[in-house]
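Asks: Have a look at the structure that comes next, please.
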Amino acid sequence: MKRLKLNKHKTLKYTKRSILHLVLIIGGLFMILPFLWMILASFKPNIDIISVEFRLFSSNWTFDNYAKVFREMPIGRAYFNSLIIASVATFFTVLSSSAAGYMFSKLKFRGRDLLFFIVLGSIMIPPQIVVIPLFLMISKVGLVNSYPALIAPWLINAFGVFLMRQFIFGIPNSNIEAARLDGASDWRIYVRIIIPLVKPTIAVVSILTFIWTYDAFLWPLVVVSDTDMMTLPLILGRYAMTEGGVIAGASMATTSMVLVPVLIVYIFFQRFFIKGLSMTGVKG
Amino acid sequence: MGLATRGKSKVNSYILIVSLFVLAYYLIITIGPLIYNVIMSMSKTDLMSEWKFVGFKNYELNFKNEIFLKALTHNFIYILILVPVGISTSLVIAFLIYNTSGIAKKIYLFMFFAPVVTSLIAVAVIWKLLYYPNVGLFAKIIQGFFHVDSPLFLQDPKIALLCIIIMDIWKDTGLRVVVLHAGMEEIPQSIFDSARIDGASNIKTFFKIIIPSLRHQIIFLAAIYSINALRVFGQVYMMTGNPAGGPVHSTQVLVVRMYQEAFLYTKFGRGAAISMVVFAMLIGLVLIEIKSFDKSYED
Amino acid sequence: MKKMFVLILLVCLSTALWAGGGQEAPAAEPVTEFSIPEEDVTLSFWFQDWEGGSKWTNDWIDVFEGKYPNITIDVTYLPFEEINTKLFPAIAAGNEADLMFFYDDWLLGKDASKFFGAVTPDLYTYDEVKAVTFESTIKRYTGSDGELYAIPWGSGSNAAGLLYHKDLVDEAGVDIESIKTWDDLKAAAKKLTKKDASGKIERSGVLFTYHEIAYTWLDMIAAQGAADKLLNTETGKWDFTIPEAREALELINSFVVDGIFDPQSGDPFTAFPNKIGAMMEVGPWGLGAWGEQYPDLELDYMYMPLYPGTTKNVHTVASWGSLAYSKNLKGAEKNAALLFLKEVLENPKFFNIAFEKNYWVGTPGSKAYLNDLVEKVKAGNIPSPKAAITASFAPKYVSNIDLLPTKISEPELIRATIFPEMTALFIGNKTIDEVLNYLTKTCTNLEQEKMM
């Protein structure tokens, strides 16, 4: 009797486990499917992408879409622009978030809470609200179509400050006190003690900032009218928002060129992404 | 600014410089434009002709305008679907992944997180094509495998907004899964063991142990995504762009409407008024969230 | 604390005012006689980005720079949506391009003299321009001082007729030439409709899924002579409940009711190329857009048939692509810009590039260009297929333009208000009465708001 029960239990367990994995595999594939489709579509002529018949594997594979994008758009320059902007913005954001995070969590001074409130308050002011006045300001100083203008909104990031502050709260005060007793200034403490300890949060903030700035659309749309200063999302907008609808092939070619490098980086560095994010999860 | 370190009589340069930098930055980038925006919201202007002060007329016109009210409703719907559905699906998936281990776990996390690192604009365009009625991949799958008429997705006023929200949920599921999963892995094994001894089933464990332990993460995620739902722009603009607002205004949202009024119709005053409404709603939302966040630490 | 707060507030306020401080009044400029500049000048140029257009403009710039080697034109191509949203903020900020392409209906209700540099009296007299172009084109960029601030280039001729698949039309045995009225159109469309075994429409005879069908509805009302009843410009009141409006809408809706147009056929940009519709109501620009994207389609265009019982078409909504130059230009740069506009208006090479190289179908803004083309085609000298289509419908189109004197901009009136309501009617969400009442109320609000 006991034997039968054990077998039944084992079968049930295996069934449960297989369903578990089945669900996860289907879910995982659903996550990746659109990207696979995108890559396939980028090599098909327009009519095959939108045809009524199921033409997943077209009979007319073509490089025309890519050729078109290369011919019409300064795609190399756009890559460069997007990367520069994202990198510089990330650098500044990490710098400012950690510096401000340390200040807000460990140092006391008059007006600290008011200032922190202002920083937090910026979350409530979405970029779309400030686009017009910011644009007018940028124009007044003649910085339209420039790198500084494109980077400006991302020098300090409230989320970054918040995350850093949370994390730095957890750093024992004893290290800091000890350094102070030795006569170290806050600059020294920041560089020597804080930065090494906040590495995981730096990872998270860098990754998120990089993704956000790489993807920025509205601000570059308003500030850039010079083709050479376009970023990748703007090029995408050119093919996705024409009067004739989405130009299927060209837009899939562009999205492939935008996403494939990111996905390749992701494949190689995904450990850092996921680990970093898990470690800075809100502490329970 | 004040003194911060004991024993020193000179001003702390670190605090001075960092806080001045932060203050200056936010004055220029955020507060200045906000004030400008407030003034603009009470004017009638197209930036070129004379600036006319009209008091609260813009707000009044907005709240009488059917399209604005629709946009407002849609933002609420967006929050009410994105947050609960997004978080619960991620919870379930995180729990499933939690029950795996080794290479399988790594692979699953890898697959689910992939869309998170990709560009939202790019994803919006891809999904727009996938959603094409009759000819898109989703339509073909539904027609081919289920043999029913495919829905019109983004062309159907009844479900267009839902389609966009689904895309949004899809994209960031991985982020929520990773955060929640990490939270689950932090729960000490001892709690599970005692629950098992008490005879608790998996499902009971899920509800009685896991969810309460994850309350900080859940609130944090709810906060982020409700704010995002209020500010949503890129996805809607890209997916139902021409005309912006979707078929019969079914995907109109506040920020898109603001952009339209300001840039398309050059009614910058009306646009600014809409943005102030968004701002007010955001303040309310953030206050609620800070309150629940603090409360969650009380236990 | 308080002092700090006040200080912060003052800083913000001043920043805001400084940023928002609009334009300084331009310094009174000595009137310069127009002359061809001898110095080296570079002008920036914003032009709309569409395939034929960029090729055309590139070729034209080559011609222009060849003729005036000291002038360089630096063109940037921007998509329609971008030019639409960028142009005015750029002008407000003072950093617009030296030469700009735009659509005249963007100036509805605005004073053109505030936006662009003057074309008359520096380059031409007002009457000189009026003589070579069509009245509807220059109405909107005549400034409050009575001077002209742009020149017409051409019209995409929205809602001028119907685009159709030649092969499907031949297959069904339809004779396009014989379609004279909308009743004829309906009969032909019925022949083109394909249904499956269960009676569901597989292919619509004609598609009304693009917003230009809203223009057509207004055109039908005007064709019946009811434009004044529809819109009262004194009071700003619209009335869609008039019988002419109702009957016209019922006619259009009858295509749905009688199973000729399936309103659920989805996105026009995929449905039409996929032959889910045999014909589509859209401007001839569709020929360019779809012709480029799907080169294997055999497309042709027919001019709008008459509303039953009328003898003439009326086009109530028309926008003219136009060229203007920045009011910030002075001296040699200003003269170079004026020279560019002069060449566009007077040099036959400009439009010949488009006609000969099959770049464009639409209505040219200058009488001379259009007449010249029509003569050529009549004599059997057809420069290109698209040019032939232009010759066939443009003269009729332009002579039938009678703009509705509304102050509401096209995107708001058509795309955001009238077309969504028509869609709601087609898919059965609203009844005709609900649509007519809603539009009466809403358009009146919009119109009166503009008059405030």
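In the structure tokens, each chain is lettered A, B, ... as it comes, each chain's residues begin at 1, and ligands are numbered from 1 in order of appearance.
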Would you list which chain A residues are within 8 Å of chain C using only C-alpha atoms, as a list in words?

Replies: Asn46, Ile47, Ile50, Ser51, Val52, Gly111, Pro133, Leu134, Leu136, Met137, Ser139, Lys140, Leu221, Val222, Ser225, Asp226, Thr227, Arg238, Met241, Thr242, Glu243, Gly244, Gly245, Val246 and Ile247 of chain A

Asks: Could you turn the residues from that selection into a file that holds C-alpha atoms, as a short mmCIF file (atom, residue, chain, number, x, y, z; two decimals), in the first residue's frame?

Replies:
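Dumped to out_12.cif:
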data_model
loop_
_atom_site.label_atom_id
_atom_site.label_comp_id
_atom_site.auth_asym_id
_atom_site.auth_seq_id
_atom_site.Cartn_x
_atom_site.Cartn_y
_atom_site.Cartn_z
CA ASN A 46 7.12 45.35 -47.06
CA ILE A 47 4.37 43.39 -48.75
CA ILE A 50 1.90 42.81 -43.95
CA SER A 51 0.51 40.19 -46.24
CA VAL A 52 -2.63 38.31 -45.33
CA GLY A 111 17.60 72.88 4.73
CA PRO A 133 10.07 76.20 -21.24
CA LEU A 134 13.24 74.11 -21.28
CA LEU A 136 12.85 78.03 -25.02
CA MET A 137 15.68 78.36 -22.49
CA SER A 139 17.22 78.12 -27.61
CA LYS A 140 17.96 81.39 -25.86
CA LEU A 221 12.50 65.12 -30.72
CA VAL A 222 11.99 68.66 -29.55
CA SER A 225 16.28 69.32 -36.01
CA ASP A 226 19.72 68.73 -37.46
CA THR A 227 19.96 65.29 -39.06
CA ARG A 238 11.10 58.65 -39.05
CA MET A 241 5.41 57.90 -38.04
CA THR A 242 5.10 58.83 -41.67
CA GLU A 243 1.89 60.03 -43.30
CA GLY A 244 1.76 56.66 -45.02
CA GLY A 245 1.79 54.71 -41.78
CA VAL A 246 4.62 52.59 -40.52
CA ILE A 247 7.15 51.72 -43.19
#

Asks: Please identify which residues in region 7-202 of chain B DSSP calls strand (DSSP E) from the backbone, and express them as a list in words.

Replies: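 Of region 7-202 of chain B, the ones in strand (DSSP E) are Ser43, Lys44, Lys52 and Phe53 of chain B.
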
Asks: Check every residue of chain B for an atom within 6 Å of chain C, counting only C-alpha atoms, and provide those that qualify as a ChimeraX atom specification.

Replies: /B:32,36,47-48,133,155,248,263-264

Asks: Please provide as a PDB file with N, CA and C atoms, in the first residue's frame all residues within 9 Å of Val83 (chain B), with the sequence filter that same-chain residues fewer than 2 positions apart are discarded (counting only C-alpha atoms).

Replies:
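That gives us result31.pdb:
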ATOM      1  N   TYR B  78      -5.470  52.938 -16.982  1.00  0.00           N
ATOM      2  CA  TYR B  78      -4.105  52.455 -17.174  1.00  0.00           C
ATOM      3  C   TYR B  78      -3.498  52.022 -15.852  1.00  0.00           C
ATOM      4  N   ILE B  79      -3.638  52.886 -14.822  1.00  0.00           N
ATOM      5  CA  ILE B  79      -3.086  52.528 -13.515  1.00  0.00           C
ATOM      6  C   ILE B  79      -3.782  51.282 -12.972  1.00  0.00           C
ATOM      7  N   LEU B  80      -5.095  51.276 -13.065  1.00  0.00           N
ATOM      8  CA  LEU B  80      -5.859  50.199 -12.426  1.00  0.00           C
ATOM      9  C   LEU B  80      -5.615  48.847 -13.070  1.00  0.00           C
ATOM     10  N   ILE B  81      -5.173  48.850 -14.325  1.00  0.00           N
ATOM     11  CA  ILE B  81      -4.866  47.559 -14.937  1.00  0.00           C
ATOM     12  C   ILE B  81      -3.379  47.252 -14.829  1.00  0.00           C
ATOM     13  N   VAL B  85      -2.431  43.917 -12.386  1.00  0.00           N
ATOM     14  CA  VAL B  85      -2.170  42.787 -13.276  1.00  0.00           C
ATOM     15  C   VAL B  85      -0.671  42.582 -13.433  1.00  0.00           C
ATOM     16  N   GLY B  86       0.044  43.687 -13.617  1.00  0.00           N
ATOM     17  CA  GLY B  86       1.491  43.571 -13.781  1.00  0.00           C
ATOM     18  C   GLY B  86       2.145  42.932 -12.572  1.00  0.00           C
ATOM     19  N   ILE B  87       1.768  43.392 -11.395  1.00  0.00           N
ATOM     20  CA  ILE B  87       2.429  42.864 -10.203  1.00  0.00           C
ATOM     21  C   ILE B  87       1.994  41.426  -9.921  1.00  0.00           C
ATOM     22  N   SER B  88       0.725  41.131 -10.078  1.00  0.00           N
ATOM     23  CA  SER B  88       0.331  39.753  -9.769  1.00  0.00           C
ATOM     24  C   SER B  88       0.914  38.751 -10.740  1.00  0.00           C
ATOM     25  N   ILE B 169       2.896  45.837 -19.834  1.00  0.00           N
ATOM     26  CA  ILE B 169       3.089  44.803 -18.818  1.00  0.00           C
ATOM     27  C   ILE B 169       4.162  43.822 -19.281  1.00  0.00           C
ATOM     28  N   LEU B 221       7.123  48.730  -6.209  1.00  0.00           N
ATOM     29  CA  LEU B 221       6.784  48.531  -7.616  1.00  0.00           C
ATOM     30  C   LEU B 221       5.472  49.219  -7.954  1.00  0.00           C
ATOM     31  N   ALA B 222       4.507  49.118  -7.042  1.00  0.00           N
ATOM     32  CA  ALA B 222       3.222  49.777  -7.302  1.00  0.00           C
ATOM     33  C   ALA B 222       3.443  51.272  -7.475  1.00  0.00           C
ATOM     34  N   ALA B 223       4.319  51.821  -6.645  1.00  0.00           N
ATOM     35  CA  ALA B 223       4.589  53.255  -6.736  1.00  0.00           C
ATOM     36  C   ALA B 223       5.166  53.599  -8.094  1.00  0.00           C
ATOM     37  N   TYR B 225       5.161  52.018 -10.946  1.00  0.00           N
ATOM     38  CA  TYR B 225       4.345  51.795 -12.135  1.00  0.00           C
ATOM     39  C   TYR B 225       3.095  52.650 -12.183  1.00  0.00           C
ATOM     40  N   SER B 226       2.609  53.051 -11.012  1.00  0.00           N
ATOM     41  CA  SER B 226       1.456  53.954 -11.080  1.00  0.00           C
ATOM     42  C   SER B 226       1.921  55.325 -11.549  1.00  0.00           C
ATOM     43  N   ALA B 229       2.291  55.080 -15.219  1.00  0.00           N
ATOM     44  CA  ALA B 229       1.000  55.042 -15.915  1.00  0.00           C
ATOM     45  C   ALA B 229       0.415  56.438 -16.044  1.00  0.00           C
TER      46      ALA B 229
END

Asks: Excluding same-chain residues fewer than 4 positions from region 159-171 of chain A, what lies within 7 Å of it counting only C-alpha atoms, as a PyMOL selection string?

Replies: chain A and resi 97-98+100-102+104-105+201+205

Asks: For Phe217 (chain A), please output as a PyMOL selection string all residues within 10 Å (counting only C-alpha atoms; exclusion window: fewer than 3 positions along the same chain).

Replies: (chain A and resi 212-214+220-222+231-234+236-237) or (chain B and resi 120-121+233-234)

Asks: Generate a file of the selected residues that holds C-alpha atoms, formatted as a compact mmCIF listing (two decimals), in the first residue's frame.

Replies:
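Saved the output as out17.txt:
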# COMPACT_ATOMS: atom_id res chain seq x y z
CA TRP A 212 16.47 55.47 -20.15
CA THR A 213 18.74 57.88 -21.93
CA TYR A 214 19.46 55.53 -24.81
CA PRO A 220 15.53 64.75 -28.46
CA LEU A 221 12.50 65.12 -30.72
CA VAL A 222 11.99 68.66 -29.55
CA THR A 231 19.58 59.77 -31.85
CA LEU A 232 18.50 56.22 -32.67
CA PRO A 233 14.91 56.52 -31.42
CA LEU A 234 14.43 59.56 -33.64
CA LEU A 236 13.00 54.99 -35.67
CA GLY A 237 10.35 57.67 -35.45
CA LEU B 120 10.54 51.11 -25.23
CA ILE B 121 10.06 53.00 -28.47
CA PHE B 233 3.48 59.08 -23.51
CA GLY B 234 5.88 57.23 -25.81

Asks: So that I can check the surroundings of region 24-40 of chain A, please list as a ChimeraX atom specification every protein, DNA and RNA residue that reaches within 6 Å of it, counting only C-alpha atoms and ignoring chain neighbours fewer than 5 positions away.

Replies: /A:252 /B:111-112

Asks: Write the selection just made, keeping C-alpha atoms, as a tab-separated table (two decimals), in the first residue's frame?

Replies:
chain	number	residue	atom	x	y	z
A	252	MET	CA	12.10	46.69	-38.44
B	111	MET	CA	14.61	35.18	-20.87
B	112	PHE	CA	12.14	37.16	-18.84

Asks: Could you tell me how far CA of Glu261 (chain B) lies from CA of Ile129 (chain A), in Å and to one decimal?

Replies: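 Those two atoms sit 12.5 Å apart.
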
Asks: Find the residues near Leu161 (chain B): any atom within 10 Å, counting only C-alpha atoms, skip ones fewer than 3 places away on the same chain, and give them as a short mmCIF file (atom, residue, chain, number, x, y, z; two decimals) with N, CA and C atoms, in the first residue's frame.

Replies:
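Ended up saving to selection10.cif:
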data_model
loop_
_atom_site.label_atom_id
_atom_site.label_comp_id
_atom_site.auth_asym_id
_atom_site.auth_seq_id
_atom_site.Cartn_x
_atom_site.Cartn_y
_atom_site.Cartn_z
N HIS B 74 -8.78 57.40 -19.07
CA HIS B 74 -7.87 56.38 -19.57
C HIS B 74 -6.63 56.25 -18.71
N ASN B 75 -6.15 57.37 -18.17
CA ASN B 75 -5.00 57.26 -17.29
C ASN B 75 -5.34 56.45 -16.05
N ILE B 77 -7.66 54.14 -15.86
CA ILE B 77 -7.75 52.74 -16.29
C ILE B 77 -6.37 52.14 -16.43
N TYR B 78 -5.47 52.94 -16.98
CA TYR B 78 -4.10 52.46 -17.17
C TYR B 78 -3.50 52.02 -15.85
N PHE B 153 -7.62 44.75 -32.40
CA PHE B 153 -6.57 45.26 -31.53
C PHE B 153 -6.55 46.78 -31.49
N LEU B 154 -5.50 47.38 -32.04
CA LEU B 154 -5.33 48.82 -31.89
C LEU B 154 -6.34 49.62 -32.69
N GLN B 155 -7.11 48.95 -33.57
CA GLN B 155 -8.10 49.68 -34.35
C GLN B 155 -9.48 49.59 -33.72
N ASP B 156 -9.59 48.81 -32.67
CA ASP B 156 -10.89 48.61 -32.04
C ASP B 156 -10.99 49.51 -30.82
N PRO B 157 -11.91 50.46 -30.85
CA PRO B 157 -11.97 51.42 -29.73
C PRO B 157 -12.15 50.74 -28.38
N LYS B 158 -12.74 49.54 -28.38
CA LYS B 158 -13.01 48.92 -27.08
C LYS B 158 -11.77 48.33 -26.45
N ILE B 164 -2.34 48.29 -25.56
CA ILE B 164 -1.13 49.02 -25.22
C ILE B 164 -0.66 48.63 -23.82
N ILE B 165 -1.62 48.52 -22.89
CA ILE B 165 -1.25 48.16 -21.52
C ILE B 165 -0.61 46.78 -21.48
N ILE B 166 -1.15 45.86 -22.28
CA ILE B 166 -0.56 44.52 -22.30
C ILE B 166 0.89 44.57 -22.75
N VAL B 236 1.92 55.22 -26.18
CA VAL B 236 0.65 55.59 -26.80
C VAL B 236 0.89 56.37 -28.09
N MET B 239 2.17 53.90 -30.80
CA MET B 239 1.30 52.81 -31.24
C MET B 239 -0.01 53.29 -31.85
N THR B 240 -0.52 54.41 -31.37
CA THR B 240 -1.75 54.93 -31.97
C THR B 240 -1.49 56.37 -32.35
N GLY B 245 -4.19 59.37 -30.26
CA GLY B 245 -5.37 59.20 -29.45
C GLY B 245 -6.20 58.02 -29.90
N GLY B 246 -5.76 57.38 -30.95
CA GLY B 246 -6.42 56.14 -31.33
C GLY B 246 -7.79 56.31 -31.94
N HIS B 249 -10.70 58.26 -30.18
CA HIS B 249 -10.07 58.75 -28.95
C HIS B 249 -9.97 57.68 -27.87
N SER B 250 -9.90 56.42 -28.27
CA SER B 250 -9.94 55.40 -27.24
C SER B 250 -8.61 55.17 -26.55
N THR B 251 -7.52 55.73 -27.07
CA THR B 251 -6.27 55.57 -26.34
C THR B 251 -5.70 56.93 -25.94
N GLN B 252 -6.53 57.92 -25.93
CA GLN B 252 -6.07 59.25 -25.55
C GLN B 252 -5.66 59.23 -24.09
N VAL B 253 -4.50 59.81 -23.78
CA VAL B 253 -4.09 59.94 -22.38
C VAL B 253 -3.62 61.38 -22.18
#

Asks: Of the candidates B:Ala195, B:Ala94, B:Leu34, B:Met40, which one gets nearest to chain A if we count only C-alpha atoms?

Replies: B:Leu34

Asks: What is the CA of Asn145 (chain A) to CA of Met229 (chain A) distance in Å?

Replies: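 The value is 6.2 Å.
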